[in-house]
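This is upload-v6.pdb (PDB, C-alpha atoms and all ligand atoms).
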ATOM      1  CA  MET A   8      61.574  41.025   6.211  1.00  0.00           C
ATOM      2  CA  ALA A   9      61.657  42.301   2.672  1.00  0.00           C
ATOM      3  CA  GLN A  10      58.584  43.632   0.991  1.00  0.00           C
ATOM      4  CA  GLN A  11      57.700  41.854  -2.200  1.00  0.00           C
ATOM      5  CA  ASP A  12      57.230  43.984  -5.278  1.00  0.00           C
ATOM      6  CA  SER A  13      53.649  44.785  -6.189  1.00  0.00           C
ATOM      7  CA  ASP A  14      53.594  42.700  -9.386  1.00  0.00           C
ATOM      8  CA  GLN A  15      54.391  39.655  -7.327  1.00  0.00           C
ATOM      9  CA  GLN A  16      51.790  40.580  -4.722  1.00  0.00           C
ATOM     10  CA  ASP A  17      49.035  40.677  -7.323  1.00  0.00           C
ATOM     11  CA  SER A  18      49.924  37.343  -8.868  1.00  0.00           C
ATOM     12  CA  VAL A  19      48.632  35.061  -6.098  1.00  0.00           C
ATOM     13  CA  GLU A  20      45.001  34.782  -5.072  1.00  0.00           C
ATOM     14  CA  PHE A  21      44.090  34.290  -1.432  1.00  0.00           C
ATOM     15  CA  ILE A  22      43.521  30.652  -0.580  1.00  0.00           C
ATOM     16  CA  VAL A  23      40.209  29.415   0.785  1.00  0.00           C
ATOM     17  CA  ASP A  24      41.069  27.986   4.206  1.00  0.00           C
ATOM     18  CA  THR A  25      37.538  27.955   5.639  1.00  0.00           C
ATOM     19  CA  GLU A  26      36.101  24.886   3.865  1.00  0.00           C
ATOM     20  CA  ASP A  27      36.150  21.275   5.150  1.00  0.00           C
ATOM     21  CA  CYS A  28      38.071  22.452   8.224  1.00  0.00           C
ATOM     22  CA  GLU A  29      36.973  19.595  10.459  1.00  0.00           C
ATOM     23  CA  GLU A  30      37.844  16.900   7.888  1.00  0.00           C
ATOM     24  CA  ARG A  31      41.202  18.425   6.963  1.00  0.00           C
ATOM     25  CA  GLU A  32      42.319  19.055  10.528  1.00  0.00           C
ATOM     26  CA  THR A  33      41.238  15.566  11.648  1.00  0.00           C
ATOM     27  CA  ALA A  34      43.044  13.881   8.743  1.00  0.00           C
ATOM     28  CA  HIS A  35      46.282  15.725   9.530  1.00  0.00           C
ATOM     29  CA  ARG A  36      46.304  15.017  13.229  1.00  0.00           C
ATOM     30  CA  GLU A  37      45.285  11.370  12.825  1.00  0.00           C
ATOM     31  CA  ARG A  38      48.302  10.800  10.555  1.00  0.00           C
ATOM     32  CA  GLY A  39      50.533  12.748  12.915  1.00  0.00           C
ATOM     33  CA  THR A  40      52.240  12.118  16.228  1.00  0.00           C
ATOM     34  CA  SER A  41      51.980  14.680  18.975  1.00  0.00           C
ATOM     35  CA  ARG A  42      55.324  16.041  20.160  1.00  0.00           C
ATOM     36  CA  PRO A  43      56.223  18.082  23.268  1.00  0.00           C
ATOM     37  CA  ILE A  44      56.381  21.867  22.980  1.00  0.00           C
ATOM     38  CA  THR A  45      59.612  23.860  23.320  1.00  0.00           C
ATOM     39  CA  VAL A  46      59.468  26.782  25.740  1.00  0.00           C
ATOM     40  CA  VAL A  47      61.075  30.231  26.029  1.00  0.00           C
ATOM     41  CA  GLY A  48      64.825  29.848  26.550  1.00  0.00           C
ATOM     42  CA  ASN A  49      65.206  26.927  24.115  1.00  0.00           C
ATOM     43  CA  PRO A  50      67.651  28.164  21.431  1.00  0.00           C
ATOM     44  CA  VAL A  51      65.509  26.839  18.548  1.00  0.00           C
ATOM     45  CA  LEU A  52      62.880  29.486  19.401  1.00  0.00           C
ATOM     46  CA  HIS A  53      65.300  32.413  19.370  1.00  0.00           C
ATOM     47  CA  LYS A  54      66.835  32.293  15.904  1.00  0.00           C
ATOM     48  CA  GLU A  55      65.534  32.461  12.360  1.00  0.00           C
ATOM     49  CA  CYS A  56      64.500  29.029  11.061  1.00  0.00           C
ATOM     50  CA  LYS A  57      65.788  27.580   7.802  1.00  0.00           C
ATOM     51  CA  ASP A  58      63.788  27.939   4.606  1.00  0.00           C
ATOM     52  CA  VAL A  59      61.815  24.912   3.450  1.00  0.00           C
ATOM     53  CA  THR A  60      63.394  23.721   0.191  1.00  0.00           C
ATOM     54  CA  GLU A  61      62.165  20.097  -0.028  1.00  0.00           C
ATOM     55  CA  PHE A  62      58.409  19.727  -0.410  1.00  0.00           C
ATOM     56  CA  ASP A  63      58.432  15.987   0.168  1.00  0.00           C
ATOM     57  CA  ASP A  64      56.875  13.281   2.343  1.00  0.00           C
ATOM     58  CA  SER A  65      58.906  14.276   5.376  1.00  0.00           C
ATOM     59  CA  LEU A  66      57.506  17.823   5.166  1.00  0.00           C
ATOM     60  CA  ALA A  67      53.988  16.350   4.946  1.00  0.00           C
ATOM     61  CA  GLN A  68      54.733  14.215   8.011  1.00  0.00           C
ATOM     62  CA  LEU A  69      56.057  17.261   9.885  1.00  0.00           C
ATOM     63  CA  ILE A  70      52.844  19.162   9.113  1.00  0.00           C
ATOM     64  CA  ASP A  71      50.755  16.196  10.334  1.00  0.00           C
ATOM     65  CA  ASP A  72      52.803  16.063  13.541  1.00  0.00           C
ATOM     66  CA  MET A  73      52.315  19.798  13.999  1.00  0.00           C
ATOM     67  CA  PHE A  74      48.531  19.464  13.713  1.00  0.00           C
ATOM     68  CA  ALA A  75      48.612  16.602  16.242  1.00  0.00           C
ATOM     69  CA  SER A  76      50.769  18.635  18.637  1.00  0.00           C
ATOM     70  CA  GLN A  77      48.630  21.735  18.204  1.00  0.00           C
ATOM     71  CA  ARG A  78      45.532  19.753  19.155  1.00  0.00           C
ATOM     72  CA  THR A  79      47.162  18.147  22.212  1.00  0.00           C
ATOM     73  CA  ALA A  80      48.261  21.565  23.460  1.00  0.00           C
ATOM     74  CA  GLU A  81      44.891  23.152  22.516  1.00  0.00           C
ATOM     75  CA  GLY A  82      46.626  25.791  20.420  1.00  0.00           C
ATOM     76  CA  VAL A  83      45.251  27.845  17.518  1.00  0.00           C
ATOM     77  CA  GLY A  84      48.586  28.054  15.726  1.00  0.00           C
ATOM     78  CA  LEU A  85      51.932  26.277  15.903  1.00  0.00           C
ATOM     79  CA  ALA A  86      55.346  26.951  14.364  1.00  0.00           C
ATOM     80  CA  ALA A  87      57.781  24.105  13.578  1.00  0.00           C
ATOM     81  CA  ASN A  88      60.395  25.350  16.043  1.00  0.00           C
ATOM     82  CA  GLN A  89      57.774  24.938  18.777  1.00  0.00           C
ATOM     83  CA  ILE A  90      58.250  21.186  18.344  1.00  0.00           C
ATOM     84  CA  GLY A  91      62.007  21.652  17.965  1.00  0.00           C
ATOM     85  CA  VAL A  92      62.235  21.618  14.154  1.00  0.00           C
ATOM     86  CA  ASP A  93      64.360  24.322  12.524  1.00  0.00           C
ATOM     87  CA  LEU A  94      62.218  24.936   9.423  1.00  0.00           C
ATOM     88  CA  LYS A  95      59.976  27.800   8.306  1.00  0.00           C
ATOM     89  CA  VAL A  96      56.544  26.157   8.550  1.00  0.00           C
ATOM     90  CA  PHE A  97      53.498  26.997  10.621  1.00  0.00           C
ATOM     91  CA  VAL A  98      50.030  25.508  10.917  1.00  0.00           C
ATOM     92  CA  TYR A  99      46.841  27.085  12.223  1.00  0.00           C
ATOM     93  CA  ASP A 100      43.336  26.182  13.325  1.00  0.00           C
ATOM     94  CA  CYS A 101      41.927  29.518  14.354  1.00  0.00           C
ATOM     95  CA  LEU A 102      38.649  31.417  14.527  1.00  0.00           C
ATOM     96  CA  ASP A 103      38.462  34.980  13.259  1.00  0.00           C
ATOM     97  CA  ASP A 104      36.413  37.684  14.973  1.00  0.00           C
ATOM     98  CA  GLU A 105      33.321  36.591  13.009  1.00  0.00           C
ATOM     99  CA  GLY A 106      33.633  33.073  14.432  1.00  0.00           C
ATOM    100  CA  VAL A 107      34.757  31.597  11.098  1.00  0.00           C
ATOM    101  CA  ARG A 108      37.257  28.757  11.413  1.00  0.00           C
ATOM    102  CA  HIS A 109      40.472  28.808   9.341  1.00  0.00           C
ATOM    103  CA  VAL A 110      42.701  25.725   8.948  1.00  0.00           C
ATOM    104  CA  GLY A 111      45.944  25.611   6.978  1.00  0.00           C
ATOM    105  CA  ALA A 112      49.714  25.401   6.764  1.00  0.00           C
ATOM    106  CA  VAL A 113      52.217  27.922   5.361  1.00  0.00           C
ATOM    107  CA  CYS A 114      55.866  27.347   4.433  1.00  0.00           C
ATOM    108  CA  ASN A 115      58.374  30.213   4.155  1.00  0.00           C
ATOM    109  CA  PRO A 116      55.854  32.866   5.261  1.00  0.00           C
ATOM    110  CA  VAL A 117      56.462  36.570   4.660  1.00  0.00           C
ATOM    111  CA  LEU A 118      54.055  39.209   5.980  1.00  0.00           C
ATOM    112  CA  ASP A 119      52.983  42.009   3.669  1.00  0.00           C
ATOM    113  CA  ASP A 120      53.800  45.489   4.856  1.00  0.00           C
ATOM    114  CA  LEU A 121      50.414  47.135   5.316  1.00  0.00           C
ATOM    115  CA  PRO A 122      49.655  50.570   3.930  1.00  0.00           C
ATOM    116  CA  ALA A 123      49.213  53.104   6.752  1.00  0.00           C
ATOM    117  CA  GLU A 124      45.432  53.327   6.214  1.00  0.00           C
ATOM    118  CA  ARG A 125      45.076  49.584   6.859  1.00  0.00           C
ATOM    119  CA  ARG A 126      47.062  49.661  10.070  1.00  0.00           C
ATOM    120  CA  VAL A 127      44.303  49.590  12.663  1.00  0.00           C
ATOM    121  CA  LEU A 128      45.756  48.358  15.917  1.00  0.00           C
ATOM    122  CA  ASP A 129      43.918  45.923  18.119  1.00  0.00           C
ATOM    123  CA  ASP A 130      45.231  45.403  21.658  1.00  0.00           C
ATOM    124  CA  SER A 131      43.662  42.068  22.571  1.00  0.00           C
ATOM    125  CA  ASN A 132      45.205  39.478  24.841  1.00  0.00           C
ATOM    126  CA  GLU A 133      47.809  37.171  23.388  1.00  0.00           C
ATOM    127  CA  GLY A 134      49.330  33.934  24.641  1.00  0.00           C
ATOM    128  CA  CYS A 135      51.780  31.357  23.310  1.00  0.00           C
ATOM    129  CA  LEU A 136      52.180  27.613  23.829  1.00  0.00           C
ATOM    130  CA  SER A 137      55.914  28.275  24.325  1.00  0.00           C
ATOM    131  CA  VAL A 138      55.171  30.643  27.227  1.00  0.00           C
ATOM    132  CA  PRO A 139      52.667  28.341  28.936  1.00  0.00           C
ATOM    133  CA  GLY A 140      50.140  29.892  31.294  1.00  0.00           C
ATOM    134  CA  ALA A 141      50.940  33.532  30.448  1.00  0.00           C
ATOM    135  CA  TYR A 142      48.841  36.162  28.694  1.00  0.00           C
ATOM    136  CA  ALA A 143      49.435  39.823  27.929  1.00  0.00           C
ATOM    137  CA  GLU A 144      47.811  42.576  25.917  1.00  0.00           C
ATOM    138  CA  LEU A 145      49.726  43.332  22.747  1.00  0.00           C
ATOM    139  CA  ALA A 146      48.765  45.846  20.043  1.00  0.00           C
ATOM    140  CA  ARG A 147      48.942  44.409  16.543  1.00  0.00           C
ATOM    141  CA  PRO A 148      47.322  45.323  13.211  1.00  0.00           C
ATOM    142  CA  ASP A 149      43.853  43.732  12.928  1.00  0.00           C
ATOM    143  CA  TYR A 150      44.490  42.678   9.331  1.00  0.00           C
ATOM    144  CA  ALA A 151      47.353  40.610   7.956  1.00  0.00           C
ATOM    145  CA  VAL A 152      48.412  39.031   4.691  1.00  0.00           C
ATOM    146  CA  VAL A 153      51.002  36.282   4.642  1.00  0.00           C
ATOM    147  CA  ARG A 154      52.608  34.916   1.465  1.00  0.00           C
ATOM    148  CA  GLY A 155      54.497  31.662   1.179  1.00  0.00           C
ATOM    149  CA  GLN A 156      54.059  28.151  -0.145  1.00  0.00           C
ATOM    150  CA  ASN A 157      51.812  25.205   0.611  1.00  0.00           C
ATOM    151  CA  ALA A 158      53.070  21.693   1.397  1.00  0.00           C
ATOM    152  CA  LYS A 159      53.510  21.031  -2.331  1.00  0.00           C
ATOM    153  CA  GLY A 160      55.623  24.142  -2.854  1.00  0.00           C
ATOM    154  CA  GLU A 161      52.912  26.072  -4.699  1.00  0.00           C
ATOM    155  CA  PRO A 162      52.748  29.807  -3.958  1.00  0.00           C
ATOM    156  CA  ILE A 163      49.894  30.790  -1.629  1.00  0.00           C
ATOM    157  CA  ALA A 164      48.617  33.897   0.101  1.00  0.00           C
ATOM    158  CA  VAL A 165      46.518  33.896   3.279  1.00  0.00           C
ATOM    159  CA  GLN A 166      44.617  36.877   4.640  1.00  0.00           C
ATOM    160  CA  GLY A 167      43.208  37.249   8.101  1.00  0.00           C
ATOM    161  CA  THR A 168      41.264  39.684  10.237  1.00  0.00           C
ATOM    162  CA  GLY A 169      40.911  40.088  13.987  1.00  0.00           C
ATOM    163  CA  TYR A 170      42.211  37.235  16.095  1.00  0.00           C
ATOM    164  CA  PHE A 171      43.220  35.265  12.995  1.00  0.00           C
ATOM    165  CA  ALA A 172      45.310  38.220  11.784  1.00  0.00           C
ATOM    166  CA  ARG A 173      47.027  38.150  15.179  1.00  0.00           C
ATOM    167  CA  CYS A 174      47.679  34.415  14.756  1.00  0.00           C
ATOM    168  CA  LEU A 175      49.274  34.866  11.303  1.00  0.00           C
ATOM    169  CA  GLN A 176      51.596  37.562  12.660  1.00  0.00           C
ATOM    170  CA  HIS A 177      52.427  35.587  15.823  1.00  0.00           C
ATOM    171  CA  GLU A 178      53.311  32.387  13.920  1.00  0.00           C
ATOM    172  CA  THR A 179      55.380  34.214  11.298  1.00  0.00           C
ATOM    173  CA  ASP A 180      57.271  35.953  14.127  1.00  0.00           C
ATOM    174  CA  HIS A 181      58.138  32.526  15.602  1.00  0.00           C
ATOM    175  CA  LEU A 182      59.874  31.434  12.402  1.00  0.00           C
ATOM    176  CA  TYR A 183      62.088  34.531  12.496  1.00  0.00           C
ATOM    177  CA  GLY A 184      63.061  33.837  16.116  1.00  0.00           C
ATOM    178  CA  TYR A 185      60.645  36.171  17.918  1.00  0.00           C
ATOM    179  CA  LEU A 186      58.139  35.384  20.651  1.00  0.00           C
ATOM    180  CA  TYR A 187      55.262  37.754  21.404  1.00  0.00           C
ATOM    181  CA  ILE A 188      56.877  38.555  24.751  1.00  0.00           C
ATOM    182  CA  ASP A 189      59.810  40.032  22.799  1.00  0.00           C
ATOM    183  CA  ARG A 190      57.342  42.701  21.608  1.00  0.00           C
ATOM    184  CA  LEU A 191      56.216  43.614  25.144  1.00  0.00           C
ATOM    185  CA  SER A 192      57.593  46.314  27.428  1.00  0.00           C
ATOM    186  CA  LYS A 193      60.271  45.106  29.843  1.00  0.00           C
ATOM    187  CA  ARG A 194      57.748  45.175  32.643  1.00  0.00           C
ATOM    188  CA  ASP A 195      55.026  43.260  30.778  1.00  0.00           C
ATOM    189  CA  ARG A 196      57.567  40.695  29.625  1.00  0.00           C
ATOM    190  CA  LYS A 197      58.700  40.143  33.186  1.00  0.00           C
ATOM    191  CA  ASP A 198      55.094  39.788  34.269  1.00  0.00           C
ATOM    192  CA  ALA A 199      54.439  37.187  31.540  1.00  0.00           C
ATOM    193  CA  LEU A 200      57.466  35.158  32.639  1.00  0.00           C
ATOM    194  CA  ARG A 201      56.254  35.364  36.237  1.00  0.00           C
ATOM    195  CA  GLN A 202      52.817  34.057  35.177  1.00  0.00           C
ATOM    196  CA  MET A 203      54.547  31.190  33.382  1.00  0.00           C
ATOM    197  CA  ALA A 204      56.672  30.339  36.435  1.00  0.00           C
ATOM    198  CA  GLU A 205      53.574  30.205  38.630  1.00  0.00           C
ATOM    199  CA  ARG A 206      51.600  27.758  36.469  1.00  0.00           C
ATOM    200  CA  GLU A 207      52.096  24.162  35.426  1.00  0.00           C
ATOM    201  CA  PRO A 208      51.795  23.621  31.663  1.00  0.00           C
ATOM    202  CA  ARG A 209      48.690  21.599  30.737  1.00  0.00           C
ATOM    203  CA  TYR A 210      50.518  19.745  27.943  1.00  0.00           C
ATOM    204  CA  PRO A 211      53.938  18.066  27.503  1.00  0.00           C
ATOM    205  CA  VAL A 212      56.847  20.504  27.174  1.00  0.00           C
ATOM    206  CA  VAL A 213      60.566  20.096  26.449  1.00  0.00           C
ATOM    207  CA  ALA A 214      62.537  20.940  29.599  1.00  0.00           C
ATOM    208  CA  ASN A 215      65.262  23.540  29.094  1.00  0.00           C
ATOM    209  CA  ASP A 216      68.821  22.659  30.120  1.00  0.00           C
TER     210      ASP A 216
HETATM  211 ZN    ZN B   1      53.517  31.130  19.966  1.00  0.00          ZN
END
For the file at hand, write its structure as structure tokens.
Amino acid sequence: MAQQDSDQQDSVEFIVDTEDCEERETAHRERGTSRPITVVGNPVLHKECKDVTEFDDSLAQLIDDMFASQRTAEGVGLAANQIGVDLKVFVYDCLDDEGVRHVGAVCNPVLDDLPAERRVLDDSNEGCLSVPGAYAELARPDYAVVRGQNAKGEPIAVQGTGYFARCLQHETDHLYGYLYIDRLSKRDRKDALRQMAEREPRYPVVAND
């Protein structure tokens, strides 16, 4: 991931994603259709997704379907390739460590590189709808900024702290072909896959060939 130059970084204000969360999330998922979730091993999860270039009705429909799918699977974030679509889009409905709810969608996300003094690592538990039933501790910075575009193609920036920062990093990783288990030690990864094998997913998933 390339770092944007600082002029560009200063040009976009952070969006407000904490207002009317219930209304916005409900409207999306009521227009959408829930789709089954792809799981680790499905090729669509293990390669970089294509950039969004058309900000049209079919993108809006995809985002609605993603909100519907996220709700069915009781997730706090969902990337398009988790419903089998090869496009750089993620949605989220996530609480931060202060209990504030954030709802939104980001196309073509790029994470800011954090200055060293802002890199405070937090090693909370992490899970993923595409690795159903598994959890593992993973150290990640407790602050994140993601830049991209909204559903209309307008530039946006989203900032998050705590668990929401983790969500922004996790979802951006998805769109570049990485699952959180790819960031674990060999042993922890194996343990996560064992947890997954031992539990039945509580939502519809796409069977791997
Ligand atoms: Zn995930």
Practice task
Step by step, measure atom-to-atom distances between ligand ZN 1 (chain B) and each residue using only C-alpha atoms and all ligand atoms, keep those at most 8 Å, then write them as a list in words.
Solution key: Gly84, Leu85, Ala86, Gln89, Gly134, Cys135, Leu136, Ser137, Val138, His177, Glu178, His181, Leu186 and Tyr187 of chain A
For range 95-108 of chain A, take all atoms listed in the file, fit an axis-aligned box around them, add 5 Å to each of the six sides, then output centre and edge lengths in Å rounded to one decimal, as AutoDock Vina command-line options.
--center_x 46.6 --center_y 31.6 --center_z 11.6 --size_x 36.7 --size_y 22.2 --size_z 16.7
Handout entry: Separation of CA of Ile70 in chain A from CA of Ala141 in chain A, in Å and rounded to one decimal
Key =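 That distance, rounded to one decimal, is 25.8 Å.
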Exercise for the section: Pull the neighbourhood of (49.5, 31.9, 35.6) for me: all residues within 10 Å in file coordinates, counting all atoms listed in the file, as number ranges by chain. Expected result: A: 139-142, 198-208
Okay, now the selection with C-alpha atoms, as a CSV table (one decimal), in the frame of the given file?
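What follows is the written file selection.csv:
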chain,number,residue,atom,x,y,z
A,139,PRO,CA,52.7,28.3,28.9
A,140,GLY,CA,50.1,29.9,31.3
A,141,ALA,CA,50.9,33.5,30.4
A,142,TYR,CA,48.8,36.2,28.7
A,198,ASP,CA,55.1,39.8,34.3
A,199,ALA,CA,54.4,37.2,31.5
A,200,LEU,CA,57.5,35.2,32.6
A,201,ARG,CA,56.3,35.4,36.2
A,202,GLN,CA,52.8,34.1,35.2
A,203,MET,CA,54.5,31.2,33.4
A,204,ALA,CA,56.7,30.3,36.4
A,205,GLU,CA,53.6,30.2,38.6
A,206,ARG,CA,51.6,27.8,36.5
A,207,GLU,CA,52.1,24.2,35.4
A,208,PRO,CA,51.8,23.6,31.7
Exercise for the section: Would you kindly translate the PyMOL selection byres (((chain A and resi 29-44) around 10) and not hetatm) into the concrete residues it picks from this file, as a ChimeraX atom specification? Expected result: /A:24-28,45-46,67-80,85,87-91,99-100,108-111,136-139,208,210-214
Handout entry: Gap from CA of Ala164 in chain A to CA of Pro50 in chain A - Å, one decimal
Key = 29.2 Å
Problem - Non-local contacts of Val165 in chain A (9 Å; all atoms listed in the file; under 6 positions in same chain excluded) as a list in words - result: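 My list of contacting residues is Glu20, Phe21, Ile22, Val23, Asp24, Val113, Ala151, Val152, Val153, Arg154, Gly155 and Leu175 of chain A.
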Practice task
Find the residue from A:Asp180, A:Asp149, A:Glu55, A:Glu133 that sits nearest to Asp195 in chain A; use all atoms listed in the file when measuring.
Solution key: A:Glu133
Exercise for the section: Pick out the closest residue to Val83 in chain A from this set: A:Asp216, A:Asp103, A:Asp58, A:Asp129. Count all atoms listed in the file. Expected result: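 Between A:Asp216, A:Asp103, A:Asp58, A:Asp129, the residue approaching Val83 in chain A most closely is A:Asp103.
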